[in-house]
Amino acid sequence: MSLKVVKFGGSSLASADQFRKVASIIKADKNRRYAVASAPGKRFTGDFKVTDMFYLLYDKASSGESIEELFGEISYRYTDIANDLGVDLPLDKELSKIKAALYGMAGRDYAASRGEYLNSMILAKHMGYDFIDAAEVIFFKTDGTFDAERTNAVLSERLKKHEYAVVPGFYGSMPNGTIKTFSRGGSDITGSILARAANATLYENWTDVSGFLMTDPRIVENPKVIETITYRELRELSYMGATVLHEDAIFPVQIAGIPINIKNTNAPDDPGTMIVASSDKYDTKNIITGIAGKKGFSSIHIEKDMMNGEVGFTRKILSVFEEMNISFEHLPSGIDTMTIMLKTADIDAIREQLIASIKKAVKPDSIYIQDGIALVAVVGRAMVKAKGTAAKVFKAIASADVNIKMIDQGSDEMNIIIGIEEGDFEKAVNAIYKEFIA
Ligand code: ASP
């Protein structure tokens, strides 16, 4: 039996008209049984996301400023939608409860969470679905991390009692009952958690784009949409800067092997992107699935004669990083050289101390840091079988007159990462895209 969990992002639920589109999408398929809603997003360029307004509201309340005007604006966002849709809800009562809690110094996360709470109530009423408060079914541990197992146990039992329901995204509760949110964009995670608990056949994530693009449209003009991508590929691409879905949203569905379909609320017939567990059933025409990248990296170059023969050399270096609580990105090495790639922001304040500690640990012949590096990841499950992919990447980069500073290929042969100067970043991404995608 087919069961779908659907999540709608903020732009899909920013106005009454958007709500109507969402309702007709949900109604079009009776298997769309559980819906997760975000807070209202921007209605037009320059508009505010309600979540941002709630954060501001909290800041004002906690610094003793009056919140009346801003609270009025937020209230209007909801009453406007509810009145236009003609839903009958005691919104005034809910809003005054929230206002009182804010004056009573309810937490920052509580404030932010009300965005999805109210929007989900409206959606549930409009659809005739049950409303399940996420605080009752999504749990965090005392240390603030998500409690996957308790949540799954409680939520799956709870869902059995509701044939059709709406659950607010983004938040859950702490063991003491206070509200806690995921990081920004966290409604994607809620959808994934729900899909796992409901044992869904599909998790549809509805947004305002028709799927993942192969690369950043701010760099490459009109990149193609990715038809299918595996969880692993997606993780590589999101880690390297591609956004659309929250990075952590993959884990719950991955455990259960549930595919995610990224869909466009404003173009519901577009197939969007399928995110799948394994590529077996979903072959790809392209050797590469996507290209992503980020600026803001530094490399530490270490040279020492006979490094290769010195047992424990790498361990000594890595223990310096461990002691200073810094994680590194890549660690390519030669016979007498080693390069450690890190985020510049992670070492900026402690670079002298870091160099001194490495010198003390391994007594290198030379050591220096180079800043201003960008990393580009070329990701594709089909690369494993295809010969000559690396050659094509390097040919593209060379013909764009870009110098490569570092090369790293993951052991699963699913990605090639290259380090280049930040100034060459856009040029390199364009060149690689054009080389692979006609
Ligand atoms: N409303 C929250 C945010 O703006 C969560 C979400 O939309 O996923 O980050």
# chains A, B, ... in the order shown; residues from 1 in each chain; ligands from 1
call {"tool": "residues_near_ligand", "arguments": {"ligand": "ligand 1", "cutoff": "9 Å", "atoms": "only C-alpha atoms and all ligand atoms", "output": "ChimeraX atom specification"}}
result
/A:8-11,37-41,49-52,112-113,115-116,169-171,181-190,246
call {"tool": "write_last_selection", "arguments": {"atoms": "C-alpha atoms", "output": "PDB file, in the first residue's frame"}}
result
ATOM      1  CA  PHE A   8       5.492  22.061   2.161  1.00  0.00           C
ATOM      2  CA  GLY A   9       8.077  24.805   2.501  1.00  0.00           C
ATOM      3  CA  GLY A  10       7.447  28.396   3.540  1.00  0.00           C
ATOM      4  CA  SER A  11       6.944  29.815   0.055  1.00  0.00           C
ATOM      5  CA  ALA A  37       4.036  22.537   7.160  1.00  0.00           C
ATOM      6  CA  SER A  38       6.635  25.281   7.402  1.00  0.00           C
ATOM      7  CA  ALA A  39       5.954  28.806   8.615  1.00  0.00           C
ATOM      8  CA  PRO A  40       4.784  31.340   6.001  1.00  0.00           C
ATOM      9  CA  GLY A  41       7.702  32.396   3.832  1.00  0.00           C
ATOM     10  CA  LYS A  49       9.729  35.171   6.516  1.00  0.00           C
ATOM     11  CA  VAL A  50       7.511  34.767   9.563  1.00  0.00           C
ATOM     12  CA  THR A  51      10.230  32.746  11.328  1.00  0.00           C
ATOM     13  CA  ASP A  52      12.581  35.729  11.058  1.00  0.00           C
ATOM     14  CA  ALA A 112      10.460  30.575  16.397  1.00  0.00           C
ATOM     15  CA  SER A 113       8.399  27.397  16.522  1.00  0.00           C
ATOM     16  CA  GLY A 115       5.549  30.035  12.934  1.00  0.00           C
ATOM     17  CA  GLU A 116       4.947  26.409  11.932  1.00  0.00           C
ATOM     18  CA  GLY A 169       7.761  21.182  11.040  1.00  0.00           C
ATOM     19  CA  PHE A 170      10.942  22.517  12.636  1.00  0.00           C
ATOM     20  CA  TYR A 171      10.439  21.749  16.344  1.00  0.00           C
ATOM     21  CA  THR A 181      13.861  23.663  17.186  1.00  0.00           C
ATOM     22  CA  PHE A 182      16.156  22.031  14.670  1.00  0.00           C
ATOM     23  CA  SER A 183      18.520  24.361  12.848  1.00  0.00           C
ATOM     24  CA  ARG A 184      17.083  26.674  10.183  1.00  0.00           C
ATOM     25  CA  GLY A 185      15.242  24.900   7.397  1.00  0.00           C
ATOM     26  CA  GLY A 186      14.523  22.057   9.825  1.00  0.00           C
ATOM     27  CA  SER A 187      10.988  21.305   8.633  1.00  0.00           C
ATOM     28  CA  ASP A 188      12.662  19.103   6.026  1.00  0.00           C
ATOM     29  CA  ILE A 189      13.922  16.975   8.908  1.00  0.00           C
ATOM     30  CA  THR A 190      10.450  16.742  10.445  1.00  0.00           C
ATOM     31  CA  HIS A 246      18.349  20.431   4.913  1.00  0.00           C
TER      32      HIS A 246
END
call {"tool": "residues_around", "arguments": {"residues": "Ala431 (chain A)", "least_positions_apart": "4", "cutoff": "7 Å", "atoms": "only C-alpha atoms", "output": "ChimeraX atom specification"}}
result
/A:396-397,400,427,435
call {"tool": "closest_residue", "arguments": {"among": "A:Phe212, A:Phe436, A:Tyr164, A:Phe297", "to": "Met127 (chain A)", "atoms": "only C-alpha atoms"}}
result
A:Tyr164
call {"tool": "closest_atom_pairs", "arguments": {"of": "region 118-236 of chain A", "to": "region 84-107 of chain A", "cutoff": "8 Å", "atoms": "only C-alpha atoms", "output": "JSON lines"}}
result
{"residue": "A:Ile122", "atom": "CA", "partner": "A:Val87", "partner_atom": "CA", "distance": 7.1}
{"residue": "A:Lys125", "atom": "CA", "partner": "A:Val87", "partner_atom": "CA", "distance": 6.5}
{"residue": "A:His126", "atom": "CA", "partner": "A:Val87", "partner_atom": "CA", "distance": 5.9}
{"residue": "A:Ile179", "atom": "CA", "partner": "A:Gly107", "partner_atom": "CA", "distance": 7.7}
call {"tool": "residues_around", "arguments": {"residues": "Leu318 (chain A)", "least_positions_apart": "6", "cutoff": "12 Å", "atoms": "only C-alpha atoms", "output": "short mmCIF file (atom, residue, chain, number, x, y, z; two decimals) with N, CA and C atoms, in the first residue's frame"}}
result
data_model
loop_
_atom_site.label_atom_id
_atom_site.label_comp_id
_atom_site.auth_asym_id
_atom_site.auth_seq_id
_atom_site.Cartn_x
_atom_site.Cartn_y
_atom_site.Cartn_z
N GLY A 312 54.17 6.99 12.54
CA GLY A 312 53.41 7.80 13.52
C GLY A 312 53.37 9.28 13.19
N MET A 324 43.17 20.49 19.61
CA MET A 324 42.67 21.85 19.43
C MET A 324 41.22 21.86 18.91
N ASN A 325 40.64 20.67 18.84
CA ASN A 325 39.24 20.54 18.44
C ASN A 325 38.93 21.12 17.05
N ILE A 326 39.83 20.80 16.10
CA ILE A 326 39.62 21.30 14.73
C ILE A 326 39.43 20.08 13.83
N SER A 327 38.41 20.11 12.97
CA SER A 327 38.31 18.99 12.03
C SER A 327 38.84 19.45 10.68
N PHE A 328 39.45 18.52 9.96
CA PHE A 328 40.02 18.91 8.66
C PHE A 328 39.17 18.34 7.54
N HIS A 330 40.51 17.60 4.03
CA HIS A 330 41.25 16.66 3.17
C HIS A 330 42.69 16.62 3.62
N LEU A 331 43.34 15.51 3.26
CA LEU A 331 44.71 15.36 3.71
C LEU A 331 45.54 14.65 2.63
N MET A 338 53.00 16.94 3.09
CA MET A 338 51.61 16.67 3.47
C MET A 338 50.86 18.00 3.43
N THR A 339 49.62 17.95 2.94
CA THR A 339 48.80 19.16 2.92
C THR A 339 47.54 18.87 3.71
N ILE A 340 47.17 19.81 4.55
CA ILE A 340 45.94 19.62 5.31
C ILE A 340 44.99 20.77 4.94
N LEU A 354 48.58 26.90 16.43
CA LEU A 354 48.50 25.66 15.66
C LEU A 354 49.84 25.31 15.04
N SER A 357 52.30 24.21 17.66
CA SER A 357 52.05 22.85 18.16
C SER A 357 52.49 21.79 17.14
N ILE A 358 52.26 22.06 15.84
CA ILE A 358 52.69 21.08 14.83
C ILE A 358 54.22 21.02 14.80
N ALA A 361 55.34 18.95 17.59
CA ALA A 361 54.98 17.53 17.47
C ALA A 361 55.84 16.78 16.46
N VAL A 362 56.15 17.41 15.31
CA VAL A 362 56.83 16.63 14.26
C VAL A 362 58.10 17.27 13.70
#
call {"tool": "residues_around", "arguments": {"residues": "Asp29 (chain A)", "least_positions_apart": "2", "cutoff": "12 Å", "atoms": "only C-alpha atoms", "output": "PDB file with N, CA and C atoms, in the first residue's frame"}}
result
ATOM      1  N   SER A   2       0.419   2.186  -0.781  1.00  0.00           N
ATOM      2  CA  SER A   2       1.238   3.379  -0.913  1.00  0.00           C
ATOM      3  C   SER A   2       0.833   4.435   0.124  1.00  0.00           C
ATOM      4  N   LEU A   3       1.805   5.030   0.774  1.00  0.00           N
ATOM      5  CA  LEU A   3       1.527   6.085   1.762  1.00  0.00           C
ATOM      6  C   LEU A   3       2.573   7.174   1.576  1.00  0.00           C
ATOM      7  N   LYS A   4       2.102   8.389   1.422  1.00  0.00           N
ATOM      8  CA  LYS A   4       3.046   9.481   1.187  1.00  0.00           C
ATOM      9  C   LYS A   4       3.028  10.493   2.318  1.00  0.00           C
ATOM     10  N   VAL A   5       4.213  10.933   2.707  1.00  0.00           N
ATOM     11  CA  VAL A   5       4.330  12.066   3.616  1.00  0.00           C
ATOM     12  C   VAL A   5       4.723  13.253   2.742  1.00  0.00           C
ATOM     13  N   VAL A   6       4.023  14.360   2.928  1.00  0.00           N
ATOM     14  CA  VAL A   6       4.319  15.533   2.103  1.00  0.00           C
ATOM     15  C   VAL A   6       4.742  16.687   2.999  1.00  0.00           C
ATOM     16  N   VAL A  22      -1.632  24.110  -2.376  1.00  0.00           N
ATOM     17  CA  VAL A  22      -1.193  22.997  -1.538  1.00  0.00           C
ATOM     18  C   VAL A  22      -2.356  22.033  -1.293  1.00  0.00           C
ATOM     19  N   ALA A  23      -3.516  22.602  -0.976  1.00  0.00           N
ATOM     20  CA  ALA A  23      -4.678  21.748  -0.693  1.00  0.00           C
ATOM     21  C   ALA A  23      -5.038  20.918  -1.917  1.00  0.00           C
ATOM     22  N   SER A  24      -4.945  21.516  -3.106  1.00  0.00           N
ATOM     23  CA  SER A  24      -5.352  20.720  -4.265  1.00  0.00           C
ATOM     24  C   SER A  24      -4.299  19.652  -4.566  1.00  0.00           C
ATOM     25  N   ILE A  25      -3.045  19.934  -4.267  1.00  0.00           N
ATOM     26  CA  ILE A  25      -2.012  18.892  -4.439  1.00  0.00           C
ATOM     27  C   ILE A  25      -2.285  17.730  -3.478  1.00  0.00           C
ATOM     28  N   ILE A  26      -2.542  18.058  -2.225  1.00  0.00           N
ATOM     29  CA  ILE A  26      -2.755  16.988  -1.236  1.00  0.00           C
ATOM     30  C   ILE A  26      -4.010  16.177  -1.606  1.00  0.00           C
ATOM     31  N   LYS A  27      -5.043  16.897  -1.951  1.00  0.00           N
ATOM     32  CA  LYS A  27      -6.329  16.224  -2.258  1.00  0.00           C
ATOM     33  C   LYS A  27      -6.249  15.360  -3.525  1.00  0.00           C
ATOM     34  N   ASN A  31      -3.305   9.044  -1.052  1.00  0.00           N
ATOM     35  CA  ASN A  31      -2.178   8.470  -0.303  1.00  0.00           C
ATOM     36  C   ASN A  31      -1.334   9.535   0.401  1.00  0.00           C
ATOM     37  N   ARG A  32      -1.588  10.791   0.095  1.00  0.00           N
ATOM     38  CA  ARG A  32      -0.860  11.885   0.772  1.00  0.00           C
ATOM     39  C   ARG A  32      -1.515  12.104   2.134  1.00  0.00           C
ATOM     40  N   ARG A  33      -1.137  11.267   3.068  1.00  0.00           N
ATOM     41  CA  ARG A  33      -1.896  11.217   4.331  1.00  0.00           C
ATOM     42  C   ARG A  33      -1.340  12.113   5.427  1.00  0.00           C
ATOM     43  N   TYR A  34      -0.031  12.315   5.436  1.00  0.00           N
ATOM     44  CA  TYR A  34       0.535  13.145   6.506  1.00  0.00           C
ATOM     45  C   TYR A  34       1.286  14.315   5.888  1.00  0.00           C
ATOM     46  N   GLU A 204       7.477  13.263  -0.150  1.00  0.00           N
ATOM     47  CA  GLU A 204       7.470  14.344  -1.132  1.00  0.00           C
ATOM     48  C   GLU A 204       7.794  15.661  -0.430  1.00  0.00           C
TER      49      GLU A 204
END
call {"tool": "atom_distance", "arguments": {"atom1": "CA of Gly177 (chain A)", "atom2": "CA of Thr142 (chain A)"}}
result
10.7 Å
